[in-house]
$ cat structure15.txt   # compact mmCIF, C-alpha atoms
# COMPACT_ATOMS: atom_id res chain seq x y z
CA MET A 3 -2.57 -26.63 0.17
CA ASN A 4 -1.13 -27.25 -3.28
CA ASP A 5 2.16 -25.79 -4.40
CA ILE A 6 1.73 -23.55 -7.42
CA THR A 7 3.14 -24.48 -10.81
CA PRO A 8 6.45 -22.66 -11.35
CA SER A 9 6.75 -20.04 -14.05
CA GLN A 10 8.93 -20.46 -17.14
CA THR A 11 9.94 -17.84 -19.69
CA VAL A 12 7.66 -17.03 -22.63
CA GLY A 13 10.79 -17.56 -24.74
CA PRO A 14 11.48 -15.90 -28.09
CA PHE A 15 8.69 -17.48 -30.13
CA PHE A 16 5.44 -16.52 -28.37
CA LYS A 17 4.36 -14.06 -31.01
CA TYR A 18 2.46 -16.39 -33.35
CA GLY A 19 0.47 -17.74 -30.41
CA LEU A 20 -0.08 -14.70 -28.18
CA THR A 21 0.40 -11.57 -30.31
CA PRO A 22 0.02 -12.63 -33.96
CA VAL A 23 -1.53 -9.29 -35.08
CA GLY A 24 -2.18 -10.45 -38.62
CA GLN A 25 1.37 -11.69 -39.16
CA TYR A 26 0.61 -15.33 -38.51
CA ASP A 27 -2.12 -17.81 -39.32
CA TRP A 28 -3.83 -17.32 -35.97
CA ASN A 29 -6.14 -14.73 -34.46
CA ASP A 30 -5.61 -12.44 -31.50
CA ALA A 31 -7.47 -13.13 -28.28
CA PHE A 32 -6.45 -9.69 -27.03
CA THR A 33 -5.18 -6.50 -28.59
CA ASN A 34 -3.58 -3.27 -27.45
CA ASN A 35 -6.74 -1.28 -28.14
CA LEU A 36 -9.11 -1.28 -25.17
CA VAL A 37 -11.37 1.45 -26.48
CA THR A 38 -14.86 0.13 -27.20
CA PRO A 39 -17.44 2.28 -29.02
CA ASP A 40 -19.60 2.77 -25.95
CA VAL A 41 -16.88 3.50 -23.47
CA SER A 42 -17.01 6.74 -21.53
CA GLY A 43 -13.93 8.51 -20.29
CA ASP A 44 -10.92 10.35 -21.63
CA ARG A 45 -9.14 8.48 -24.39
CA ILE A 46 -5.42 8.18 -23.92
CA ARG A 47 -2.52 6.48 -25.64
CA ILE A 48 0.39 5.05 -23.67
CA GLU A 49 3.61 4.59 -25.62
CA GLY A 50 7.06 3.52 -24.66
CA ARG A 51 10.01 1.27 -25.24
CA VAL A 52 11.52 -1.60 -23.28
CA PHE A 53 15.29 -1.76 -22.66
CA ASP A 54 17.61 -4.36 -21.15
CA GLY A 55 20.50 -3.76 -18.74
CA ASP A 56 22.76 -2.58 -21.58
CA GLY A 57 20.16 -0.12 -22.83
CA VAL A 58 19.44 -2.36 -25.83
CA PRO A 59 15.78 -2.43 -26.95
CA VAL A 60 13.95 -5.66 -26.14
CA PRO A 61 12.13 -6.82 -29.29
CA ASP A 62 10.59 -9.96 -27.77
CA CYS A 63 8.74 -8.59 -24.79
CA MET A 64 5.02 -8.95 -24.10
CA LEU A 65 3.14 -6.47 -21.96
CA GLU A 66 -0.29 -6.94 -20.43
CA ILE A 67 -2.33 -4.23 -18.74
CA TRP A 68 -5.31 -4.37 -16.38
CA GLN A 69 -7.22 -1.31 -15.33
CA ALA A 70 -10.45 0.16 -14.02
CA ASP A 71 -12.90 2.12 -16.14
CA SER A 72 -13.27 5.88 -15.89
CA GLN A 73 -15.38 5.46 -12.74
CA GLY A 74 -12.79 3.28 -11.03
CA ARG A 75 -14.77 0.05 -11.59
CA PHE A 76 -13.36 -3.25 -12.79
CA ALA A 77 -14.98 -5.52 -15.37
CA ASP A 78 -14.94 -8.42 -12.92
CA PRO A 79 -17.80 -9.65 -10.70
CA LYS A 80 -15.42 -9.40 -7.73
CA ASP A 81 -15.92 -5.65 -8.06
CA LYS A 82 -19.49 -5.53 -6.80
CA ARG A 83 -20.02 -2.07 -8.27
CA ALA A 84 -19.33 -3.15 -11.84
CA LEU A 85 -22.13 -2.30 -14.23
CA PRO A 86 -23.42 -5.42 -15.96
CA ASN A 87 -23.69 -3.69 -19.32
CA ALA A 88 -20.27 -2.05 -19.32
CA LYS A 89 -18.40 -3.06 -22.46
CA PHE A 90 -15.04 -1.80 -21.27
CA ARG A 91 -13.04 -4.86 -20.26
CA GLY A 92 -9.87 -3.24 -19.00
CA PHE A 93 -7.41 -5.83 -20.28
CA GLY A 94 -4.90 -5.38 -23.09
CA ARG A 95 -1.86 -7.11 -24.52
CA CYS A 96 0.94 -5.82 -26.73
CA GLY A 97 4.15 -7.35 -28.03
CA THR A 98 7.14 -5.07 -28.55
CA ASP A 99 8.39 -4.49 -32.09
CA ALA A 100 11.99 -4.63 -33.37
CA ASN A 101 12.70 -1.29 -31.63
CA GLY A 102 11.29 -2.44 -28.32
CA THR A 103 8.28 -0.16 -28.84
CA PHE A 104 4.82 -0.76 -27.43
CA ALA A 105 1.58 1.23 -27.35
CA PHE A 106 -1.85 0.91 -25.76
CA ASP A 107 -4.99 2.83 -26.67
CA THR A 108 -7.26 3.06 -23.68
CA ILE A 109 -9.05 5.45 -21.36
CA MET A 110 -7.87 7.23 -18.26
CA PRO A 111 -8.82 4.99 -15.31
CA GLY A 112 -10.77 6.38 -12.40
CA GLN A 113 -9.62 6.19 -8.82
CA VAL A 114 -9.71 2.86 -6.95
CA ALA A 115 -9.72 2.61 -3.17
CA ASP A 116 -6.94 0.88 -1.26
CA PRO A 117 -7.83 -1.69 1.49
CA ASP A 118 -8.37 1.14 3.98
CA GLY A 119 -10.80 2.91 1.67
CA LYS A 120 -8.28 5.58 0.80
CA PRO A 121 -8.31 6.55 -2.88
CA GLN A 122 -5.33 5.56 -4.97
CA ALA A 123 -4.20 7.79 -7.78
CA PRO A 124 -5.29 6.66 -11.28
CA HIS A 125 -3.08 3.76 -12.27
CA ILE A 126 -2.86 0.76 -14.57
CA LEU A 127 -1.32 -2.58 -13.63
CA LEU A 128 1.34 -3.79 -16.04
CA ALA A 129 2.77 -7.30 -16.32
CA VAL A 130 6.07 -7.67 -18.18
CA PHE A 131 7.02 -10.93 -19.93
CA ALA A 132 10.07 -11.50 -22.14
CA ARG A 133 12.59 -13.99 -23.37
CA GLY A 134 15.22 -13.97 -20.63
CA MET A 135 12.62 -13.32 -17.92
CA LEU A 136 11.92 -16.60 -16.16
CA ARG A 137 8.76 -15.17 -14.63
CA HIS A 138 6.74 -12.07 -15.35
CA PHE A 139 7.00 -9.02 -13.14
CA TYR A 140 4.35 -6.54 -12.11
CA THR A 141 4.63 -2.79 -12.13
CA ARG A 142 2.17 0.11 -12.29
CA ILE A 143 1.67 2.99 -14.67
CA TYR A 144 0.80 6.31 -13.05
CA PHE A 145 0.16 9.55 -14.91
CA GLY A 146 2.25 12.69 -14.78
CA GLY A 147 0.38 15.80 -13.72
CA GLU A 148 -2.18 13.95 -11.58
CA ALA A 149 -2.55 15.75 -8.26
CA ALA A 150 -3.59 12.48 -6.60
CA ASN A 151 -0.09 11.04 -7.13
CA GLU A 152 1.07 13.01 -4.09
CA GLY A 153 -1.18 11.07 -1.72
CA ASP A 154 -1.05 7.68 -3.40
CA PRO A 155 -0.40 4.98 -0.78
CA VAL A 156 1.52 2.72 -3.18
CA LEU A 157 3.74 5.41 -4.68
CA ALA A 158 4.55 6.38 -1.09
CA LEU A 159 6.14 2.95 -0.58
CA VAL A 160 8.59 3.58 -3.41
CA PRO A 161 11.85 5.41 -2.68
CA ALA A 162 11.46 8.96 -3.97
CA ASP A 163 14.37 8.65 -6.39
CA ARG A 164 12.73 5.67 -8.11
CA ARG A 165 9.16 6.92 -8.36
CA ALA A 166 9.69 8.51 -11.76
CA THR A 167 10.08 5.05 -13.29
CA LEU A 168 6.35 4.51 -12.65
CA ILE A 169 4.99 7.82 -13.92
CA ALA A 170 4.13 8.20 -17.60
CA ALA A 171 4.90 11.69 -18.88
CA ARG A 172 2.24 13.53 -20.83
CA GLU A 173 3.47 14.52 -24.27
CA PRO A 174 2.78 18.10 -25.34
CA GLY A 175 0.12 18.62 -27.97
CA ASN A 176 -3.59 18.87 -28.55
CA GLY A 177 -6.11 16.14 -29.14
CA SER A 178 -6.09 12.80 -27.37
CA ALA A 179 -3.56 12.66 -24.58
CA VAL A 180 -0.40 10.67 -25.23
CA TYR A 181 1.63 9.47 -22.28
CA ARG A 182 5.14 8.08 -22.57
CA LEU A 183 6.76 5.55 -20.26
CA ASP A 184 9.91 3.57 -21.01
CA LEU A 185 10.64 0.38 -19.10
CA ARG A 186 14.15 -0.59 -18.03
CA LEU A 187 14.43 -4.19 -16.93
CA GLN A 188 17.76 -3.61 -15.24
CA GLY A 189 20.46 -1.03 -14.53
CA ASP A 190 20.26 2.69 -13.85
CA ASN A 191 16.66 3.80 -13.58
CA GLU A 192 15.50 0.18 -13.42
CA THR A 193 11.71 0.11 -13.43
CA VAL A 194 10.20 -0.47 -10.00
CA PHE A 195 8.57 -3.90 -9.77
CA PHE A 196 6.27 -4.89 -6.93
CA ASP A 197 6.33 -7.95 -4.72
CA ILE A 198 2.70 -8.91 -5.08
CA MET B 1 -15.75 -17.05 -2.05
CA THR B 2 -13.04 -14.56 -1.27
CA PHE B 3 -9.58 -15.42 -2.48
CA VAL B 4 -6.26 -14.32 -1.07
CA TYR B 5 -2.93 -14.56 -2.87
CA PRO B 6 -0.09 -15.23 -0.44
CA VAL B 7 3.09 -13.64 -1.75
CA ALA B 8 5.05 -16.55 -0.28
CA SER B 9 3.63 -18.78 -3.02
CA ASN B 10 5.80 -16.91 -5.53
CA LYS B 11 8.81 -18.69 -4.07
CA ALA B 12 7.93 -21.55 -6.41
CA HIS B 13 9.13 -19.44 -9.33
CA PRO B 14 12.70 -19.28 -10.60
CA ALA B 15 14.97 -16.55 -9.31
CA PRO B 16 15.01 -13.77 -11.92
CA LEU B 17 18.73 -14.06 -12.49
CA SER B 18 19.70 -17.58 -13.48
CA PRO B 19 23.14 -17.09 -15.05
CA ASP B 20 23.20 -20.47 -16.82
CA TYR B 21 20.28 -19.12 -18.86
CA LYS B 22 22.28 -16.44 -20.61
CA SER B 23 19.35 -14.30 -21.74
CA SER B 24 18.46 -13.67 -18.10
CA ILE B 25 21.75 -11.89 -17.37
CA LYS B 26 20.75 -8.56 -18.92
CA ARG B 27 17.00 -8.89 -18.51
CA ALA B 28 16.53 -9.92 -14.89
CA PRO B 29 15.50 -7.06 -12.62
CA ASN B 30 18.26 -6.58 -10.01
CA ARG B 31 16.64 -4.23 -7.54
CA PRO B 32 14.55 -5.60 -4.70
CA LEU B 33 10.84 -5.88 -5.39
CA ILE B 34 8.75 -3.39 -3.42
CA PRO B 35 6.24 -5.09 -1.08
CA MET B 36 2.72 -3.69 -1.02
CA ARG B 37 -0.75 -4.76 0.05
CA HIS B 38 -3.11 -6.12 -2.59
CA THR B 39 -5.84 -3.70 -3.58
CA LEU B 40 -8.88 -4.22 -5.78
CA SER B 41 -6.59 -3.63 -8.78
CA GLU B 42 -4.54 -6.70 -7.90
CA PHE B 43 -7.21 -9.20 -6.95
CA THR B 44 -9.56 -8.51 -9.80
CA GLY B 45 -8.66 -9.74 -13.27
CA PRO B 46 -9.89 -10.31 -16.78
CA VAL B 47 -12.87 -12.62 -16.50
CA TYR B 48 -12.39 -14.03 -19.87
CA GLY B 49 -15.42 -14.58 -22.03
CA HIS B 50 -15.58 -17.59 -24.27
CA GLU B 51 -16.21 -15.60 -27.41
CA THR B 52 -12.73 -15.68 -28.89
CA VAL B 53 -12.23 -19.39 -28.26
CA ARG B 54 -13.49 -20.75 -31.56
CA ALA B 55 -14.69 -24.28 -32.18
CA GLY B 56 -11.64 -26.33 -33.02
CA ASP B 57 -9.10 -24.01 -31.37
CA ALA B 58 -8.23 -26.76 -28.87
CA ASP B 59 -7.43 -29.28 -31.63
CA LEU B 60 -4.13 -28.32 -33.24
CA THR B 61 -4.32 -31.25 -35.65
CA THR B 62 -7.36 -30.03 -37.57
CA GLN B 63 -6.52 -26.40 -38.29
CA HIS B 64 -5.36 -27.01 -41.87
CA LYS B 65 -6.33 -28.99 -44.96
CA GLY B 66 -4.33 -32.06 -44.01
CA GLU B 67 -3.17 -33.65 -40.82
CA PRO B 68 0.18 -32.60 -39.38
CA LEU B 69 3.04 -35.09 -39.28
CA GLY B 70 4.18 -36.47 -35.96
CA GLU B 71 2.87 -38.29 -32.95
CA ARG B 72 -0.74 -37.29 -32.19
CA ILE B 73 -1.28 -36.74 -28.45
CA ILE B 74 -3.99 -35.66 -26.05
CA VAL B 75 -2.96 -33.19 -23.32
CA HIS B 76 -5.53 -32.66 -20.62
CA GLY B 77 -5.86 -31.81 -16.97
CA HIS B 78 -7.30 -29.37 -14.50
CA VAL B 79 -6.48 -25.78 -13.67
CA LEU B 80 -6.60 -25.61 -9.87
CA ASP B 81 -6.23 -23.03 -7.14
CA GLU B 82 -3.97 -23.48 -4.11
CA ASP B 83 -6.77 -25.25 -2.22
CA GLY B 84 -7.10 -27.79 -5.03
CA ARG B 85 -10.41 -26.45 -6.35
CA GLY B 86 -10.91 -26.30 -10.10
CA VAL B 87 -10.70 -22.84 -11.68
CA PRO B 88 -13.76 -22.65 -13.95
CA ASN B 89 -14.09 -20.85 -17.28
CA THR B 90 -10.54 -19.65 -17.47
CA LEU B 91 -8.56 -19.23 -20.68
CA LEU B 92 -5.55 -21.35 -21.62
CA GLU B 93 -3.36 -20.47 -24.59
CA ILE B 94 -0.66 -22.82 -25.83
CA TRP B 95 2.06 -22.62 -28.44
CA GLN B 96 4.72 -25.13 -29.43
CA ALA B 97 7.19 -26.39 -32.02
CA ASN B 98 6.15 -29.02 -34.56
CA ALA B 99 7.19 -32.67 -34.47
CA CYS B 100 10.58 -31.72 -35.94
CA GLY B 101 11.30 -29.13 -33.27
CA ARG B 102 10.60 -26.16 -35.53
CA TYR B 103 8.40 -23.15 -34.68
CA ILE B 104 6.63 -21.23 -37.41
CA HIS B 105 7.99 -18.00 -35.87
CA VAL B 106 9.93 -16.11 -38.55
CA ARG B 107 13.00 -15.88 -36.35
CA ASP B 108 13.30 -19.62 -35.74
CA GLN B 109 16.26 -20.63 -37.92
CA HIS B 110 16.51 -24.28 -36.85
CA PRO B 111 17.13 -26.18 -40.12
CA ALA B 112 14.22 -28.57 -39.63
CA PRO B 113 11.16 -28.58 -41.88
CA LEU B 114 8.03 -26.57 -41.26
CA ASP B 115 4.79 -28.50 -41.54
CA PRO B 116 2.19 -26.77 -43.74
CA ASN B 117 -0.50 -28.52 -41.73
CA PHE B 118 0.66 -27.32 -38.33
CA THR B 119 0.60 -23.83 -36.82
CA GLY B 120 1.27 -24.85 -33.25
CA ALA B 121 -1.08 -22.44 -31.46
CA GLY B 122 -4.16 -23.45 -29.49
CA ARG B 123 -6.71 -22.02 -27.13
CA ALA B 124 -9.23 -23.54 -24.73
CA GLN B 125 -11.38 -22.60 -21.80
CA THR B 126 -11.76 -24.71 -18.69
CA ASP B 127 -15.21 -26.10 -17.93
CA ALA B 128 -17.09 -25.62 -14.67
CA ALA B 129 -14.77 -28.08 -12.91
CA GLY B 130 -11.57 -26.48 -14.22
CA TYR B 131 -10.97 -29.24 -16.79
CA TYR B 132 -9.34 -28.58 -20.17
CA LYS B 133 -8.27 -30.73 -23.11
CA PHE B 134 -6.06 -30.18 -26.15
CA ILE B 135 -5.29 -32.47 -29.06
CA THR B 136 -1.93 -31.79 -30.67
CA ILE B 137 1.32 -33.27 -31.96
CA LYS B 138 4.19 -34.13 -29.66
CA PRO B 139 6.74 -31.35 -30.17
CA GLY B 140 10.34 -32.18 -30.99
CA ALA B 141 13.42 -31.14 -29.08
CA TYR B 142 15.38 -28.35 -30.74
CA PRO B 143 18.82 -26.75 -30.51
CA TRP B 144 19.38 -23.25 -29.21
CA GLY B 145 22.42 -21.04 -28.87
CA ASN B 146 22.65 -20.78 -25.09
CA HIS B 147 25.79 -22.94 -24.81
CA HIS B 148 27.65 -25.62 -26.75
CA ASN B 149 25.30 -28.38 -27.93
CA ALA B 150 22.34 -26.88 -26.10
CA TRP B 151 18.97 -28.55 -26.75
CA ARG B 152 15.63 -27.71 -25.20
CA PRO B 153 13.66 -30.68 -23.88
CA ALA B 154 10.37 -31.07 -25.75
CA HIS B 155 7.81 -28.72 -24.25
CA ILE B 156 4.50 -26.95 -24.79
CA HIS B 157 4.18 -23.33 -23.66
CA PHE B 158 1.10 -22.66 -21.50
CA SER B 159 -0.43 -19.27 -20.70
CA VAL B 160 -3.20 -19.29 -18.07
CA PHE B 161 -5.27 -16.58 -16.36
CA GLY B 162 -7.11 -17.69 -13.22
CA HIS B 163 -9.12 -15.60 -10.76
CA ALA B 164 -7.03 -12.43 -10.66
CA PHE B 165 -4.46 -10.45 -12.60
CA ILE B 166 -1.92 -11.68 -10.04
CA SER B 167 -2.80 -15.35 -10.60
CA ARG B 168 -1.56 -15.07 -14.18
CA LEU B 169 0.94 -17.76 -15.15
CA VAL B 170 3.07 -18.53 -18.18
CA THR B 171 4.93 -21.81 -17.94
CA GLN B 172 6.13 -24.77 -20.00
CA MET B 173 4.84 -28.33 -19.89
CA TYR B 174 7.47 -31.04 -20.28
CA PHE B 175 7.19 -34.75 -21.04
CA PRO B 176 8.11 -37.45 -18.52
CA GLY B 177 11.58 -38.97 -18.58
CA ASP B 178 13.15 -36.52 -21.01
CA PRO B 179 16.93 -37.18 -21.12
CA LEU B 180 17.57 -33.45 -21.72
CA PHE B 181 16.24 -32.34 -18.32
CA ALA B 182 19.64 -32.49 -16.64
CA PHE B 183 21.19 -30.16 -19.21
CA ASP B 184 18.48 -27.52 -19.61
CA PRO B 185 19.08 -24.24 -17.74
CA ILE B 186 15.48 -23.08 -18.18
CA PHE B 187 14.02 -26.25 -16.61
CA ASN B 188 16.69 -26.13 -13.89
CA SER B 189 16.08 -22.45 -13.15
CA VAL B 190 13.53 -23.89 -10.71
CA PRO B 191 15.93 -25.05 -8.01
CA ASP B 192 13.68 -27.45 -6.13
CA GLU B 193 13.33 -30.93 -7.63
CA LYS B 194 9.77 -31.38 -6.41
CA ALA B 195 8.81 -28.01 -7.88
CA ARG B 196 10.38 -28.95 -11.22
CA ALA B 197 8.29 -32.10 -11.23
CA LEU B 198 5.15 -29.91 -11.24
CA MET B 199 6.08 -28.81 -14.78
CA VAL B 200 6.32 -32.40 -16.06
CA SER B 201 3.19 -34.04 -17.43
CA SER B 202 2.44 -37.66 -16.59
CA PHE B 203 1.63 -40.39 -19.10
CA ASP B 204 -2.06 -41.22 -18.82
CA LEU B 205 -2.74 -44.74 -20.08
CA GLU B 206 -6.32 -44.71 -18.87
CA ASN B 207 -7.19 -41.86 -21.21
CA THR B 208 -4.95 -42.95 -24.06
CA GLN B 209 -7.22 -43.64 -27.03
CA PRO B 210 -6.65 -47.10 -28.54
CA GLU B 211 -5.47 -47.02 -32.15
CA TRP B 212 -5.43 -43.22 -32.05
CA ALA B 213 -3.39 -41.14 -29.56
CA LEU B 214 -1.28 -41.28 -26.39
CA CYS B 215 -2.51 -39.11 -23.54
CA TYR B 216 -0.61 -36.91 -21.10
CA ARG B 217 -2.04 -35.30 -17.97
CA PHE B 218 -0.91 -31.84 -16.89
CA ASP B 219 -2.54 -30.17 -13.89
CA ILE B 220 -1.74 -26.50 -13.36
CA VAL B 221 -1.93 -24.88 -9.93
CA LEU B 222 -2.42 -21.11 -9.89
CA ARG B 223 -2.15 -18.66 -7.02
CA GLY B 224 -5.27 -18.11 -4.95
CA LYS B 225 -6.72 -19.74 -1.85
CA ASN B 226 -9.81 -19.36 0.22
CA ALA B 227 -9.47 -16.42 2.60
CA THR B 228 -11.40 -18.25 5.32
CA PRO B 229 -10.40 -21.91 5.11
CA MET B 230 -11.67 -22.70 8.65
CA GLU B 231 -15.21 -21.53 8.16
CA ASN B 232 -16.62 -25.07 7.82
CA ALA B 233 -14.37 -26.66 10.41
CA GLN B 234 -16.00 -25.38 13.59

$ encode --input "structure15.txt" --output "structure tokens"
Amino acid sequence: MNDITPSQTVGPFFKYGLTPVGQYDWNDAFTNNLVTPDVSGDRIRIEGRVFDGDGVPVPDCMLEIWQADSQGRFADPKDKRALPNAKFRGFGRCGTDANGTFAFDTIMPGQVADPDGKPQAPHILLAVFARGMLRHFYTRIYFGGEAANEGDPVLALVPADRRATLIAAREPGNGSAVYRLDLRLQGDNETVFFDI
Amino acid sequence: MTFVYPVASNKAHPAPLSPDYKSSIKRAPNRPLIPMRHTLSEFTGPVYGHETVRAGDADLTTQHKGEPLGERIIVHGHVLDEDGRGVPNTLLEIWQANACGRYIHVRDQHPAPLDPNFTGAGRAQTDAAGYYKFITIKPGAYPWGNHHNAWRPAHIHFSVFGHAFISRLVTQMYFPGDPLFAFDPIFNSVPDEKARALMVSSFDLENTQPEWALCYRFDIVLRGKNATPMENAQ
């Protein structure tokens, strides 16, 4: 049994290495656009901002998402149902801008079973990294208006008055769905993070 | 092989709030984390393809027209799971300051020169045994505004994936014997001395290349262990 290597903060200067997006002399391994030409499913955009305990936007935060495809399958051989020709990879990365803003273009995930075989509501895993965070923390993005949220076994573990911090609200309008979710690292309405 | 990810392993990490590191005061989550069972969402993860690791990405000294200034070094090691098995084909991303302690990031205002021949970003994938290797320049120490006369010990930032989304790790690799260790609140945010030592590379004379470069070894242990460790012991 080996002890794991401790985490350290990403610090303030990760951008040129991890999220250069054309600003630096380096290429991106990952982007915030998960939509591949062949992907099936409903296209959605998730937008939001990240705030610290004083309500100040966090401009040096990095967010990573991991999600199933529209059929609830993961692009990982550990999911035995995964289709070998599926191009959708389910992983995205986005750095916040000077206003603490982030956005992901993706598709609505399908339902994934919990260990008892019970369906979970559609959700996306979200890892939050930032200067000032000595390790990253995990939360989930759920979607407002989904009937399955009511029976979701993970949401049920969260005190009712904190559940809203996990549920992205659908913005009014036609066309591709836009969902909004702000993250609060601390303070009133602090985002729920999971002990996983 | 089926992996499990004991939550207890996370105790190796710093507490979120580490008041000597001032940036943590307003950014550390204060509310208790909510326990939950791992589902398929947690123990799957991006199985990273090799396609965006380009030839030469692991050699930070050959990314420009000329060679960067500073002390050329080799940094190598294995990415391991909690049972000590190599993690194959996983992505490592590194970023660092140059030999003068200056990052190319636009917000780094340290009055030390940039090096036109050094970006400071690298990428590699482990081989089938979990082994990786970078060639780079030893980064310099640099001042920061955390407290009076605050200097970060020289370090290289490492970002690693592993078998699952919950084995993800971002850490910093330090160099042995750095006199700044005792004064650095980020290094000391890990309270246990033995755990801190896991972030410090070791000098590797055996793999130092004569007339060319010193070598440092840095093994990284990620979450994940065999779910049935006794299966061969009966």

$ closest_residue --input "structure15.txt" --among "A:Leu127, A:Ile48, A:Leu36, A:Val23" --to "A:Arg172" --atoms "all atoms listed in the file"
A:Ile48

$ closest_atom_pairs --input "structure15.txt" --of "chain B" --to "chain A" --cutoff "7 Å" --atoms "all atoms listed in the file" --output "tab-separated table"
residue	atom	partner	partner_atom	distance
B:Val7	CA	A:Ile198	CA	5.8
B:Ser9	CA	A:Ile6	CA	6.8
B:Ala12	CA	A:Pro8	CA	5.3
B:His13	CA	A:Pro8	CA	4.7
B:Pro14	CA	A:Leu136	CA	6.2
B:Pro16	CA	A:Leu136	CA	6.0
B:Ser23	CA	A:Gly134	CA	4.3
B:Ser24	CA	A:Gly134	CA	4.1
B:Lys26	CA	A:Gly55	CA	4.8
B:Arg27	CA	A:Asp54	CA	5.3
B:Ala28	CA	A:Met135	CA	6.0
B:Pro29	CA	A:Gln188	CA	4.9
B:Asn30	CA	A:Gln188	CA	6.0
B:Leu33	CA	A:Phe196	CA	4.9
B:Ile34	CA	A:Phe196	CA	4.6
B:Pro35	CA	A:Asp197	CA	4.6
B:Met36	CA	A:Ile198	CA	6.6
B:His38	CA	A:Ile198	CA	6.9
B:Thr39	CA	A:Asp116	CA	5.3
B:Ser41	CA	A:Gln69	CA	7.0
B:Thr44	CA	A:Asp78	CA	6.2
B:Gly45	CA	A:Asp78	CA	6.4
B:Pro46	CA	A:Phe93	CA	6.2
B:Val47	CA	A:Asp78	CA	5.9
B:Thr52	CA	A:Ala31	CA	5.9
B:Glu82	CA	A:Asn4	CA	4.8
B:Asp83	CA	A:Met3	CA	5.0
B:Gly84	CA	A:Asn4	CA	6.2
B:Ile94	CA	A:Gly19	CA	6.9
B:Trp95	CA	A:Gly19	CA	5.5
B:His105	CA	A:Phe15	CA	5.8
B:Ala121	CA	A:Gly19	CA	5.1
B:Leu169	CA	A:Ser9	CA	6.3
B:Val170	CA	A:Ser9	CA	5.7
B:Thr171	CA	A:Gln10	CA	4.3
B:Gln172	CA	A:Gln10	CA	5.9
B:Ala195	CA	A:Pro8	CA	6.8
B:Leu198	CA	A:Thr7	CA	5.8
B:Met199	CA	A:Thr7	CA	6.6
B:Ile220	CA	A:Thr7	CA	5.9
B:Val221	CA	A:Ile6	CA	4.6
B:Leu222	CA	A:Ile6	CA	5.4
B:Arg223	CA	A:Ile6	CA	6.3

$ atom_distance --input "structure15.txt" --atom1 "atom CA of B:Pro6" --atom2 "atom CA of B:Thr90"
20.5 Å

$ residues_around --input "structure15.txt" --residues "stretch 54-60 of chain B" --least-positions-apart "3" --cutoff "9 Å" --atoms "all atoms listed in the file" --output "PyMOL selection string"
chain B and resi 50-51+63-64+68+118-125+132-137

$ atom_distance --input "structure15.txt" --atom1 "atom CA of B:Ile104" --atom2 "atom CA of B:Ile25"
26.8 Å

$ residues_around --input "structure15.txt" --residues "B:Pro153" --least-positions-apart "6" --cutoff "10 Å" --atoms "all atoms listed in the file" --output "PyMOL selection string"
chain B and resi 101+139-143+173-175+178-184+186-187

$ atom_distance --input "structure15.txt" --atom1 "atom CA of B:Gly162" --atom2 "atom CA of A:Pro124"
24.5 Å

$ residues_around --input "structure15.txt" --residues "stretch 145-147 of chain B" --least-positions-apart "6" --cutoff "9 Å" --atoms "all atoms listed in the file" --output "PyMOL selection string"
chain B and resi 20-23+185

$ axis_aligned_box --input "structure15.txt" --around "stretch 21-32 of chain B" --padding-each-side "6 Å" --output "lines of an AutoDock Vina configuration file"
center_x = 18.4
center_y = -11.7
center_z = -13.2
size_x = 19.7
size_y = 26.9
size_z = 29.0

$ residues_around --input "structure15.txt" --residues "A:Thr98" --least-positions-apart "5" --cutoff "9 Å" --atoms "only C-alpha atoms" --output "PyMOL selection string"
chain A and resi 51-52+60-65+103-105

$ residues_around --input "structure15.txt" --residues "A:Glu49" --least-positions-apart "2" --cutoff "7 Å" --atoms "only C-alpha atoms" --output "PyMOL selection string"
chain A and resi 47+104-106+181-183

$ build_atoms --input "structure15.txt" --residues "stretch 28-35 of chain A" --atoms "N, CA and C atoms" --output "PDB file, in the coordinates of the input"
ATOM      1  N   TRP A  28      -3.190 -17.137 -37.268  1.00  0.00           N
ATOM      2  CA  TRP A  28      -3.830 -17.320 -35.970  1.00  0.00           C
ATOM      3  C   TRP A  28      -4.455 -15.985 -35.616  1.00  0.00           C
ATOM      4  N   ASN A  29      -5.478 -15.992 -34.778  1.00  0.00           N
ATOM      5  CA  ASN A  29      -6.140 -14.730 -34.460  1.00  0.00           C
ATOM      6  C   ASN A  29      -5.763 -14.268 -33.054  1.00  0.00           C
ATOM      7  N   ASP A  30      -5.943 -12.996 -32.806  1.00  0.00           N
ATOM      8  CA  ASP A  30      -5.610 -12.440 -31.500  1.00  0.00           C
ATOM      9  C   ASP A  30      -6.767 -12.622 -30.530  1.00  0.00           C
ATOM     10  N   ALA A  31      -6.465 -13.114 -29.344  1.00  0.00           N
ATOM     11  CA  ALA A  31      -7.470 -13.130 -28.280  1.00  0.00           C
ATOM     12  C   ALA A  31      -7.592 -11.730 -27.666  1.00  0.00           C
ATOM     13  N   PHE A  32      -6.481 -11.009 -27.668  1.00  0.00           N
ATOM     14  CA  PHE A  32      -6.450  -9.690 -27.030  1.00  0.00           C
ATOM     15  C   PHE A  32      -5.657  -8.744 -27.918  1.00  0.00           C
ATOM     16  N   THR A  33      -5.951  -7.481 -27.836  1.00  0.00           N
ATOM     17  CA  THR A  33      -5.180  -6.500 -28.590  1.00  0.00           C
ATOM     18  C   THR A  33      -4.740  -5.385 -27.647  1.00  0.00           C
ATOM     19  N   ASN A  34      -4.050  -4.407 -28.237  1.00  0.00           N
ATOM     20  CA  ASN A  34      -3.580  -3.270 -27.450  1.00  0.00           C
ATOM     21  C   ASN A  34      -4.560  -2.095 -27.508  1.00  0.00           C
ATOM     22  N   ASN A  35      -5.736  -2.345 -28.085  1.00  0.00           N
ATOM     23  CA  ASN A  35      -6.740  -1.280 -28.140  1.00  0.00           C
ATOM     24  C   ASN A  35      -7.917  -1.671 -27.254  1.00  0.00           C
TER      25      ASN A  35
END
